$ cat input_15.pdb   # PDB, C-alpha atoms
ATOM      1  CA  MET A  18      22.900  23.819   9.512
ATOM      2  CA  ASN A  19      21.445  20.912  11.475
ATOM      3  CA  ILE A  20      21.004  17.639   9.609
ATOM      4  CA  PRO A  21      17.344  16.544  10.026
ATOM      5  CA  GLN A  22      16.787  13.333  11.972
ATOM      6  CA  ILE A  23      14.820  11.852   9.092
ATOM      7  CA  CYS A  24      18.009  11.733   7.015
ATOM      8  CA  LEU A  25      19.543   9.307   9.477
ATOM      9  CA  ARG A  26      16.779   6.793   8.684
ATOM     10  CA  CYS A  27      16.416   7.385   4.951
ATOM     11  CA  SER A  28      17.395   4.418   2.776
ATOM     12  CA  ARG A  29      16.473   5.928  -0.598
ATOM     13  CA  LYS A  30      19.244   8.593  -0.715
ATOM     14  CA  THR A  31      17.518  10.731  -3.335
ATOM     15  CA  CYS A  32      19.782  13.667  -2.501
ATOM     16  CA  HIS A  33      22.933  11.698  -3.362
ATOM     17  CA  ASN A  34      21.728  11.202  -6.933
ATOM     18  CA  SER A  35      20.925  14.869  -7.513
ATOM     19  CA  SER A  36      22.677  17.218  -9.907
ATOM     20  CA  GLU A  37      25.374  19.608  -8.716
ATOM     21  CA  GLY A  38      24.013  22.963  -7.534
ATOM     22  CA  GLN A  39      20.321  22.211  -8.064
ATOM     23  CA  ILE A  40      17.818  22.564  -5.215
ATOM     24  CA  GLY A  41      15.485  19.620  -4.807
ATOM     25  CA  PHE A  42      13.017  18.060  -2.381
ATOM     26  CA  CYS A  43      13.156  14.400  -1.394
ATOM     27  CA  GLU A  44      10.308  12.038  -0.525
ATOM     28  CA  TYR A  45      10.400  13.287   3.076
ATOM     29  CA  ASP A  46       9.964  16.974   2.156
ATOM     30  CA  VAL A  47      13.588  17.761   3.021
ATOM     31  CA  ALA A  48      15.143  20.453   0.816
ATOM     32  CA  PHE A  49      18.682  19.693  -0.383
ATOM     33  CA  ILE A  50      21.410  20.979  -2.647
ATOM     34  CA  LYS A  51      24.620  19.214  -3.692
ATOM     35  CA  ALA A  52      27.701  21.407  -3.243
ATOM     36  CA  GLY A  53      30.842  19.527  -4.201
ATOM     37  CA  LYS A  54      31.326  16.621  -1.799
ATOM     38  CA  ASP A  55      28.760  18.024   0.640
ATOM     39  CA  ILE A  56      24.990  17.834   0.593
ATOM     40  CA  LEU A  57      23.251  20.659   2.447
ATOM     41  CA  ARG A  58      19.816  19.787   3.792
ATOM     42  CA  ARG A  59      17.046  21.709   5.502
ATOM     43  CA  GLU A  60      13.807  20.314   6.814
ATOM     44  CA  ALA A  61      10.484  22.194   6.699
ATOM     45  CA  LEU A  62       9.696  24.207   9.829
ATOM     46  CA  VAL A  63       6.592  22.061  10.508
ATOM     47  CA  PRO A  64       7.157  18.832   8.546
ATOM     48  CA  LEU A  65       4.123  17.137   7.062
ATOM     49  CA  ARG A  66       5.086  13.950   8.875
ATOM     50  CA  ASN A  67       4.620  15.736  12.240
ATOM     51  CA  ILE A  68       1.163  16.894  11.201
ATOM     52  CA  SER A  69       0.152  13.441   9.960
ATOM     53  CA  THR A  70       1.564  11.682  13.031
ATOM     54  CA  ASN A  71      -0.343  14.013  15.352
ATOM     55  CA  LEU A  72      -3.466  13.400  13.278
ATOM     56  CA  ARG A  73      -3.095   9.694  13.831
ATOM     57  CA  HIS A  74      -2.611  10.108  17.588
ATOM     58  CA  ALA A  75      -5.772  12.239  17.734
ATOM     59  CA  LEU A  76      -7.987   9.964  15.653
ATOM     60  CA  ASN A  77      -6.836   6.527  16.805
ATOM     61  CA  PRO A  78      -8.683   6.711  20.169
ATOM     62  CA  ILE A  79     -11.864   7.665  18.313
ATOM     63  CA  LEU A  80     -11.511   4.733  15.937
ATOM     64  CA  ASN A  81     -10.833   2.385  18.864
ATOM     65  CA  LEU A  82     -13.994   3.673  20.543
ATOM     66  CA  ILE A  83     -16.025   2.910  17.417
ATOM     67  CA  VAL A  84     -14.659  -0.639  17.353
ATOM     68  CA  GLU A  85     -15.281  -1.186  21.081
ATOM     69  CA  GLN A  86     -18.877   0.049  20.917
ATOM     70  CA  THR A  87     -19.580  -2.005  17.794
ATOM     71  CA  VAL A  88     -18.398  -5.148  19.580
ATOM     72  CA  ILE A  89     -20.760  -4.323  22.468
ATOM     73  CA  LEU A  90     -23.661  -4.205  20.011
ATOM     74  CA  ASP A  91     -22.643  -7.562  18.549
ATOM     75  CA  PRO A  92     -20.197  -9.609  20.680
ATOM     76  CA  ASP A  93     -19.746 -12.119  17.855
ATOM     77  CA  ILE A  94     -18.462  -9.558  15.355
ATOM     78  CA  SER A  95     -14.738  -9.638  14.591
ATOM     79  CA  ILE A  96     -12.322  -7.426  12.708
ATOM     80  CA  LYS A  97     -10.519 -10.546  11.515
ATOM     81  CA  LYS A  98     -13.707 -12.014  10.005
ATOM     82  CA  LEU A  99     -15.685  -9.110   8.627
ATOM     83  CA  ASP A 100     -19.064  -9.536   6.979
ATOM     84  CA  VAL A 101     -19.437  -6.309   5.021
ATOM     85  CA  ASN A 102     -23.038  -7.204   4.149
ATOM     86  CA  THR A 103     -24.170  -6.243   7.657
ATOM     87  CA  PRO A 104     -24.444  -2.657   8.998
ATOM     88  CA  LEU A 105     -22.046  -3.283  11.889
ATOM     89  CA  GLY A 106     -19.602  -5.016   9.557
ATOM     90  CA  LYS A 107     -19.612  -1.969   7.297
ATOM     91  CA  ILE A 108     -18.930   0.294  10.293
ATOM     92  CA  LEU A 109     -15.874  -1.750  11.250
ATOM     93  CA  ALA A 110     -14.663  -1.883   7.655
ATOM     94  CA  ALA A 111     -15.020   1.897   7.347
ATOM     95  CA  SER A 112     -12.994   2.345  10.560
ATOM     96  CA  LEU A 113     -10.225   0.172   9.118
ATOM     97  CA  ILE A 114     -10.164   2.222   5.921
ATOM     98  CA  ILE A 115      -9.871   5.479   7.881
ATOM     99  CA  ASP A 116      -7.030   4.035   9.948
ATOM    100  CA  ARG A 117      -5.311   2.826   6.770
ATOM    101  CA  ILE A 118      -5.515   6.291   5.188
ATOM    102  CA  ILE A 119      -4.043   7.899   8.315
ATOM    103  CA  GLN A 120      -1.196   5.387   8.385
ATOM    104  CA  ILE A 121      -0.477   5.979   4.704
ATOM    105  CA  LEU A 122      -0.281   9.743   5.308
ATOM    106  CA  THR A 123       2.046   9.093   8.235
ATOM    107  CA  GLY A 124       4.031   6.447   6.427
ATOM    108  CA  VAL A 125       4.937   8.421   3.332
ATOM    109  CA  ASN A 126       6.789  10.845   5.591
ATOM    110  CA  GLU A 127       8.322   8.684   8.274
ATOM    111  CA  PHE A 128       7.907   4.936   8.554
ATOM    112  CA  HIS A 129       8.228   3.265  11.947
ATOM    113  CA  PRO A 130       9.035  -0.452  11.614
ATOM    114  CA  GLY A 131       7.993  -0.919  15.247
ATOM    115  CA  TYR A 132       4.399  -0.045  14.347
ATOM    116  CA  VAL A 133       4.121  -2.211  11.243
ATOM    117  CA  GLY A 134       6.292  -4.914   9.791
ATOM    118  CA  GLU A 135       7.569  -6.817  12.788
ATOM    119  CA  LYS A 136       8.273 -10.468  12.141
ATOM    120  CA  GLN A 137       5.290 -12.583  13.100
ATOM    121  CA  ALA A 138       5.265 -16.256  14.051
ATOM    122  CA  GLN A 139       1.741 -16.855  12.741
ATOM    123  CA  PRO A 140       1.615 -17.086   8.909
ATOM    124  CA  LYS A 141      -1.416 -15.743   7.040
ATOM    125  CA  LYS A 142      -3.095 -17.367   4.054
ATOM    126  CA  LEU A 143      -2.732 -15.251   0.904
ATOM    127  CA  SER A 144      -6.270 -15.934  -0.338
ATOM    128  CA  THR A 145      -7.745 -14.843   3.005
ATOM    129  CA  ILE A 146      -5.882 -11.514   2.906
ATOM    130  CA  ILE A 147      -6.992 -10.819  -0.674
ATOM    131  CA  HIS A 148     -10.657 -11.663  -0.052
ATOM    132  CA  ARG A 149     -10.655  -9.548   3.102
ATOM    133  CA  GLN A 150      -9.209  -6.422   1.474
ATOM    134  CA  PHE A 151     -11.350  -6.783  -1.666
ATOM    135  CA  HIS A 152     -14.553  -6.829   0.398
ATOM    136  CA  ILE A 153     -13.439  -4.054   2.783
ATOM    137  CA  TYR A 154     -12.980  -1.603  -0.084
ATOM    138  CA  SER A 155     -16.196  -2.754  -1.754
ATOM    139  CA  ILE A 156     -18.172  -0.733   0.827
ATOM    140  CA  LEU A 157     -16.948   2.619  -0.532
ATOM    141  CA  LYS A 158     -19.564   4.046  -2.879
ATOM    142  CA  SER A 159     -19.248   6.912  -5.336
ATOM    143  CA  VAL A 160     -20.328   7.652  -8.890
ATOM    144  CA  LYS A 161     -16.762   7.007 -10.040
ATOM    145  CA  ARG A 162     -16.443   3.561  -8.448
ATOM    146  CA  PRO A 163     -17.864   0.434 -10.112
ATOM    147  CA  THR A 164     -20.386  -1.578  -8.102
ATOM    148  CA  ASP A 165     -20.105  -4.818 -10.071
ATOM    149  CA  LEU A 166     -16.446  -5.746  -9.815
ATOM    150  CA  ASN A 167     -15.585  -9.448  -9.702
ATOM    151  CA  LEU A 168     -12.646 -11.122  -7.932
ATOM    152  CA  LEU A 169     -10.809 -14.073  -9.488
ATOM    153  CA  LEU A 170      -8.013 -15.925  -7.673
ATOM    154  CA  ASN A 171      -5.951 -17.992 -10.081
ATOM    155  CA  PHE A 172      -3.814 -19.960  -7.641
ATOM    156  CA  GLU A 173      -4.011 -22.857  -5.220
ATOM    157  CA  ASP A 174      -5.480 -22.150  -1.788
ATOM    158  CA  ASN A 175      -2.419 -23.394   0.077
ATOM    159  CA  ILE A 176      -0.069 -20.400  -0.099
ATOM    160  CA  PHE A 177       0.883 -18.742   3.198
ATOM    161  CA  LEU A 178       2.856 -15.569   3.939
ATOM    162  CA  THR A 179       5.368 -16.295   6.660
ATOM    163  CA  LEU A 180       7.349 -13.056   7.060
ATOM    164  CA  CYS A 181       5.729  -9.734   7.983
ATOM    165  CA  PRO A 182       2.256 -10.677   6.682
ATOM    166  CA  ASP A 183       0.956  -7.306   7.893
ATOM    167  CA  ILE A 184       3.083  -5.558   5.260
ATOM    168  CA  TYR A 185       1.641  -7.832   2.586
ATOM    169  CA  GLU A 186      -1.836  -6.966   3.848
ATOM    170  CA  TYR A 187      -1.062  -3.256   3.470
ATOM    171  CA  LEU A 188       0.197  -3.823  -0.064
ATOM    172  CA  VAL A 189      -2.866  -5.875  -1.007
ATOM    173  CA  SER A 190      -5.133  -3.145   0.405
ATOM    174  CA  ILE A 191      -3.440  -0.572  -1.852
ATOM    175  CA  PHE A 192      -3.945  -2.722  -4.958
ATOM    176  CA  MET A 193      -7.559  -3.510  -4.049
ATOM    177  CA  ASP A 194      -8.405   0.125  -3.314
ATOM    178  CA  ASN A 195      -6.955   1.113  -6.695
ATOM    179  CA  SER A 196      -8.908  -1.668  -8.402
ATOM    180  CA  TRP A 197     -12.185  -0.376  -6.958
ATOM    181  CA  LYS A 198     -11.252   3.196  -7.907
ATOM    182  CA  PHE A 199     -10.096   2.676 -11.481
ATOM    183  CA  SER A 200     -11.602  -0.532 -12.877
ATOM    184  CA  LEU A 201     -14.202  -0.288 -15.609
ATOM    185  CA  PRO A 202     -17.728  -1.553 -14.823
ATOM    186  CA  LYS A 203     -18.462  -5.271 -15.192
ATOM    187  CA  THR A 204     -14.804  -6.273 -15.186
ATOM    188  CA  SER A 205     -12.692  -8.450 -12.892
ATOM    189  CA  VAL A 206      -9.726  -8.143 -10.594
ATOM    190  CA  GLU A 207      -7.523 -11.163 -11.151
ATOM    191  CA  VAL A 208      -4.732 -12.324  -8.874
ATOM    192  CA  ASN A 209      -2.162 -14.747 -10.260
ATOM    193  CA  VAL A 210       0.716 -16.403  -8.423
ATOM    194  CA  SER A 211       3.782 -17.753 -10.202
ATOM    195  CA  ILE A 212       5.865 -20.024  -7.971
ATOM    196  CA  LEU A 213       9.573 -19.275  -8.464
ATOM    197  CA  ASP A 214      10.721 -21.971  -6.041
ATOM    198  CA  ASN A 215       9.501 -23.494  -2.782
ATOM    199  CA  CYS A 216       9.847 -20.223  -0.868
ATOM    200  CA  LEU A 217       9.573 -17.442  -3.476
ATOM    201  CA  ALA A 218       6.700 -16.344  -5.694
ATOM    202  CA  LYS A 219       5.527 -13.562  -7.993
ATOM    203  CA  ILE A 220       2.063 -12.171  -7.178
ATOM    204  CA  THR A 221       0.320 -10.197  -9.933
ATOM    205  CA  PHE A 222      -2.852  -8.102  -9.557
ATOM    206  CA  THR A 223      -4.617  -7.395 -12.865
ATOM    207  CA  ASN A 224      -7.564  -5.118 -13.632
ATOM    208  CA  ILE A 225      -8.998  -3.267 -16.641
ATOM    209  CA  SER A 226      -9.216   0.534 -16.598
ATOM    210  CA  LEU A 227      -8.891   3.561 -18.822
ATOM    211  CA  PRO A 228      -5.323   4.080 -20.116
ATOM    212  CA  ILE A 229      -3.033   5.992 -17.745
ATOM    213  CA  PRO A 230      -1.649   9.265 -19.176
ATOM    214  CA  LYS A 231       1.884   8.815 -20.514
ATOM    215  CA  ASN A 232       3.401  11.599 -18.382
ATOM    216  CA  ILE A 233       2.386   9.979 -15.074
ATOM    217  CA  ASN A 234       4.966   8.366 -12.795
ATOM    218  CA  ILE A 235       2.640   5.739 -11.361
ATOM    219  CA  PHE A 236       4.819   5.241  -8.242
ATOM    220  CA  GLY A 237       5.593   8.933  -7.713
ATOM    221  CA  LYS A 238       4.711  10.725  -4.496
ATOM    222  CA  GLY A 239       1.370  12.504  -4.852
ATOM    223  CA  GLU A 240       0.984  11.325  -8.467
ATOM    224  CA  LYS A 241      -2.625  10.649  -9.468
ATOM    225  CA  GLY A 242      -3.323   8.462 -12.480
ATOM    226  CA  TYR A 243      -6.270  10.666 -13.429
ATOM    227  CA  PRO A 244      -6.634  14.336 -12.335
ATOM    228  CA  ASP A 245     -10.314  14.088 -11.364
ATOM    229  CA  ILE A 246     -10.116  10.804  -9.437
ATOM    230  CA  GLU A 247     -10.522  10.553  -5.664
ATOM    231  CA  GLY A 248      -7.535   9.917  -3.414
ATOM    232  CA  PHE A 249      -4.227  11.568  -2.536
ATOM    233  CA  GLY A 250      -1.891   9.895  -5.029
ATOM    234  CA  TYR A 251       0.163   8.456  -2.147
ATOM    235  CA  GLY A 252      -0.920   4.800  -2.197
ATOM    236  CA  LEU A 253       1.506   3.302  -4.715
ATOM    237  CA  PHE A 254       4.340   5.494  -3.466
ATOM    238  CA  TRP A 255       3.651   4.172   0.032
ATOM    239  CA  GLY A 256       3.810   0.697  -1.509
ATOM    240  CA  THR A 257       7.399   1.287  -2.639
ATOM    241  CA  ILE A 258       8.288   2.438   0.889
ATOM    242  CA  LEU A 259       6.732  -0.706   2.369
ATOM    243  CA  VAL A 260       8.641  -2.934  -0.058
ATOM    244  CA  ASP A 261      11.900  -1.178   0.795
ATOM    245  CA  TYR A 262      11.368  -1.653   4.539
ATOM    246  CA  TYR A 263      10.237  -5.233   4.082
ATOM    247  CA  ASN A 264      13.588  -6.064   2.483
ATOM    248  CA  ARG A 265      15.422  -4.359   5.338
ATOM    249  CA  ILE A 266      13.320  -5.892   8.131
ATOM    250  CA  VAL A 267      13.673  -9.477   6.896
ATOM    251  CA  GLY A 268      17.348  -8.922   6.081
ATOM    252  CA  LYS A 269      17.212  -9.665   2.363
ATOM    253  CA  THR A 270      20.498  -9.283   0.506
ATOM    254  CA  ASP A 271      19.412 -10.944  -2.737
ATOM    255  CA  ASP A 272      16.084 -11.850  -4.355
ATOM    256  CA  LEU A 273      14.768  -8.508  -3.100
ATOM    257  CA  MET A 274      11.029  -7.984  -3.163
ATOM    258  CA  GLU A 275      10.139  -5.400  -5.806
ATOM    259  CA  VAL A 276       6.932  -3.848  -7.083
ATOM    260  CA  SER A 277       6.443  -3.244 -10.803
ATOM    261  CA  HIS A 278       3.711  -2.066 -13.157
ATOM    262  CA  ARG A 279       2.865  -2.850 -16.779
ATOM    263  CA  GLU A 280       0.088  -1.370 -18.903
ATOM    264  CA  THR A 281      -1.240  -2.958 -22.102
ATOM    265  CA  VAL A 282      -3.666  -0.801 -24.079
ATOM    266  CA  ILE A 283      -6.534  -2.722 -25.696
ATOM    267  CA  GLU A 284      -9.411  -1.504 -27.856
ATOM    268  CA  GLY A 285      -8.156   2.082 -27.666
ATOM    269  CA  GLU A 286     -10.155   3.173 -24.603
ATOM    270  CA  LYS A 287      -9.263   0.263 -22.336
ATOM    271  CA  ALA A 288      -6.018  -0.881 -20.737
ATOM    272  CA  ILE A 289      -4.899  -3.929 -18.789
ATOM    273  CA  GLN A 290      -3.093  -2.850 -15.619
ATOM    274  CA  GLU A 291      -0.706  -5.327 -13.997
ATOM    275  CA  PHE A 292       0.874  -4.647 -10.615
ATOM    276  CA  THR A 293       3.377  -7.310  -9.575
ATOM    277  CA  LEU A 294       5.120  -8.082  -6.299
ATOM    278  CA  ASN A 295       8.285  -9.927  -7.242
ATOM    279  CA  ASN A 296      10.212 -12.285  -4.942
ATOM    280  CA  CYS A 297       7.545 -12.668  -2.260
ATOM    281  CA  ASP A 298       8.488 -14.981   0.605
ATOM    282  CA  ILE A 299       5.886 -17.743   0.826
ATOM    283  CA  ASN A 300       5.260 -21.138   2.314
ATOM    284  CA  ILE A 301       3.276 -23.792   0.452
ATOM    285  CA  ALA A 302       1.240 -26.049   2.703
ATOM    286  CA  ARG A 303       1.484 -29.601   1.423
ATOM    287  CA  LYS A 304      -1.865 -31.309   0.990
TER     288      LYS A 304
END
$ encode --input "input_15.pdb" --output "structure tokens"
Amino acid sequence: MNIPQICLRCSRKTCHNSSEGQIGFCEYDVAFIKAGKDILRREALVPLRNISTNLRHALNPILNLIVEQTVILDPDISIKKLDVNTPLGKILAASLIIDRIIQILTGVNEFHPGYVGEKQAQPKKLSTIIHRQFHIYSILKSVKRPTDLNLLLNFEDNIFLTLCPDIYEYLVSIFMDNSWKFSLPKTSVEVNVSILDNCLAKITFTNISLPIPKNINIFGKGEKGYPDIEGFGYGLFWGTILVDYYNRIVGKTDDLMEVSHRETVIEGEKAIQEFTLNNCDINIARK
């Protein structure tokens, strides 16, 4: 039996924690069974990661074409500074969302640090990333999404992300997408930052939604908080993968970045949802 290549890059080692003699499937859709000291593995004939990767290769040129033609229509428009109140801005934002979904589908099966997560010399301001992702996902309209969500940033505007800011941007996009999906009407998304020391912080995203069913593993692969909600149930699972690779890419051995969730039920039909990124590497610009 050939050991699948994906197993050589897997850091989660789900198969090693399995019970003796029981067949299971890991996060990468590899079947395994523990037999004494050995672990037998077999990959699917056509792995989902191959399908999703090919999908991305097919659609990326189309998305690039949309961006190029939009810039021709308005040379002053920029992906970095999107105004989602304009038609062309909404087109670019929609293209970014499609690309993000494709990368999530690819990423939950096989993550390539060379595509995302390389160390970058140019830090990004945390508030800018949050505002950007909040407004990008505000363009998605459906009967199940609120249209009157408010954004509150409860921290100083001098916090920068110095290591792999693109990974932070992916994580923020996941939290903001979920906020627009699940928040109750006329509520707020709040972002709080607790400074642990001069280079570490805890970033918490809070919104108000319906209570999540008790049997749901909120970070599980393909787990959906509510059966009838839109989405694939991959976003938060992808977040755990990103956090894991962030720690590996930056070489963390202690103070590992972690993602956690806490729900507090209020008034019976409402719940406060808190998603926290612990031990985030930051830089505080002195005023």
$ atom_distance --input "input_15.pdb" --atom1 "CA of Tyr262 (chain A)" --atom2 "CA of Ile184 (chain A)"
9.2 Å
$ atom_distance --input "input_15.pdb" --atom1 "CA of Phe292 (chain A)" --atom2 "CA of Phe222 (chain A)"
5.2 Å
$ closest_residue --input "input_15.pdb" --among "A:Met274, A:Leu76, A:Ile115, A:Ile56" --to "Val260 (chain A)" --atoms "all atoms listed in the file"
A:Met274
$ residues_near_point --input "input_15.pdb" --point "(-14.8, -2.3, 17.5)" --cutoff "12 Å" --atoms "only C-alpha atoms" --output "NGL selection string"
:A and (77-97 or 99 or 105-113)
$ write_last_selection --input "input_15.pdb" --atoms "C-alpha atoms" --output "PDB file, in the frame of the given file"
ATOM      1  CA  ASN A  77      -6.836   6.527  16.805  1.00  0.00           C
ATOM      2  CA  PRO A  78      -8.683   6.711  20.169  1.00  0.00           C
ATOM      3  CA  ILE A  79     -11.864   7.665  18.313  1.00  0.00           C
ATOM      4  CA  LEU A  80     -11.511   4.733  15.937  1.00  0.00           C
ATOM      5  CA  ASN A  81     -10.833   2.385  18.864  1.00  0.00           C
ATOM      6  CA  LEU A  82     -13.994   3.673  20.543  1.00  0.00           C
ATOM      7  CA  ILE A  83     -16.025   2.910  17.417  1.00  0.00           C
ATOM      8  CA  VAL A  84     -14.659  -0.639  17.353  1.00  0.00           C
ATOM      9  CA  GLU A  85     -15.281  -1.186  21.081  1.00  0.00           C
ATOM     10  CA  GLN A  86     -18.877   0.049  20.917  1.00  0.00           C
ATOM     11  CA  THR A  87     -19.580  -2.005  17.794  1.00  0.00           C
ATOM     12  CA  VAL A  88     -18.398  -5.148  19.580  1.00  0.00           C
ATOM     13  CA  ILE A  89     -20.760  -4.323  22.468  1.00  0.00           C
ATOM     14  CA  LEU A  90     -23.661  -4.205  20.011  1.00  0.00           C
ATOM     15  CA  ASP A  91     -22.643  -7.562  18.549  1.00  0.00           C
ATOM     16  CA  PRO A  92     -20.197  -9.609  20.680  1.00  0.00           C
ATOM     17  CA  ASP A  93     -19.746 -12.119  17.855  1.00  0.00           C
ATOM     18  CA  ILE A  94     -18.462  -9.558  15.355  1.00  0.00           C
ATOM     19  CA  SER A  95     -14.738  -9.638  14.591  1.00  0.00           C
ATOM     20  CA  ILE A  96     -12.322  -7.426  12.708  1.00  0.00           C
ATOM     21  CA  LYS A  97     -10.519 -10.546  11.515  1.00  0.00           C
ATOM     22  CA  LEU A  99     -15.685  -9.110   8.627  1.00  0.00           C
ATOM     23  CA  LEU A 105     -22.046  -3.283  11.889  1.00  0.00           C
ATOM     24  CA  GLY A 106     -19.602  -5.016   9.557  1.00  0.00           C
ATOM     25  CA  LYS A 107     -19.612  -1.969   7.297  1.00  0.00           C
ATOM     26  CA  ILE A 108     -18.930   0.294  10.293  1.00  0.00           C
ATOM     27  CA  LEU A 109     -15.874  -1.750  11.250  1.00  0.00           C
ATOM     28  CA  ALA A 110     -14.663  -1.883   7.655  1.00  0.00           C
ATOM     29  CA  ALA A 111     -15.020   1.897   7.347  1.00  0.00           C
ATOM     30  CA  SER A 112     -12.994   2.345  10.560  1.00  0.00           C
ATOM     31  CA  LEU A 113     -10.225   0.172   9.118  1.00  0.00           C
TER      32      LEU A 113
END
$ resolve_selection --input "input_15.pdb" --expression "the PyMOL selection byres ((chain A and resi 51) around 6)" --output "PyMOL selection string"
chain A and resi 37-38+50+52+56
$ write_last_selection --input "input_15.pdb" --atoms "C-alpha atoms" --output "PDB file, keeping the file's coordinate frame"
ATOM      1  CA  GLU A  37      25.374  19.608  -8.716  1.00  0.00           C
ATOM      2  CA  GLY A  38      24.013  22.963  -7.534  1.00  0.00           C
ATOM      3  CA  ILE A  50      21.410  20.979  -2.647  1.00  0.00           C
ATOM      4  CA  ALA A  52      27.701  21.407  -3.243  1.00  0.00           C
ATOM      5  CA  ILE A  56      24.990  17.834   0.593  1.00  0.00           C
TER       6      ILE A  56
END
$ closest_residue --input "input_15.pdb" --among "A:Leu201, A:Thr223, A:Ile258, A:Leu170" --to "Lys238 (chain A)" --atoms "all atoms listed in the file"
A:Ile258
$ atom_distance --input "input_15.pdb" --atom1 "CA of Ile233 (chain A)" --atom2 "CA of Asn209 (chain A)"
25.6 Å
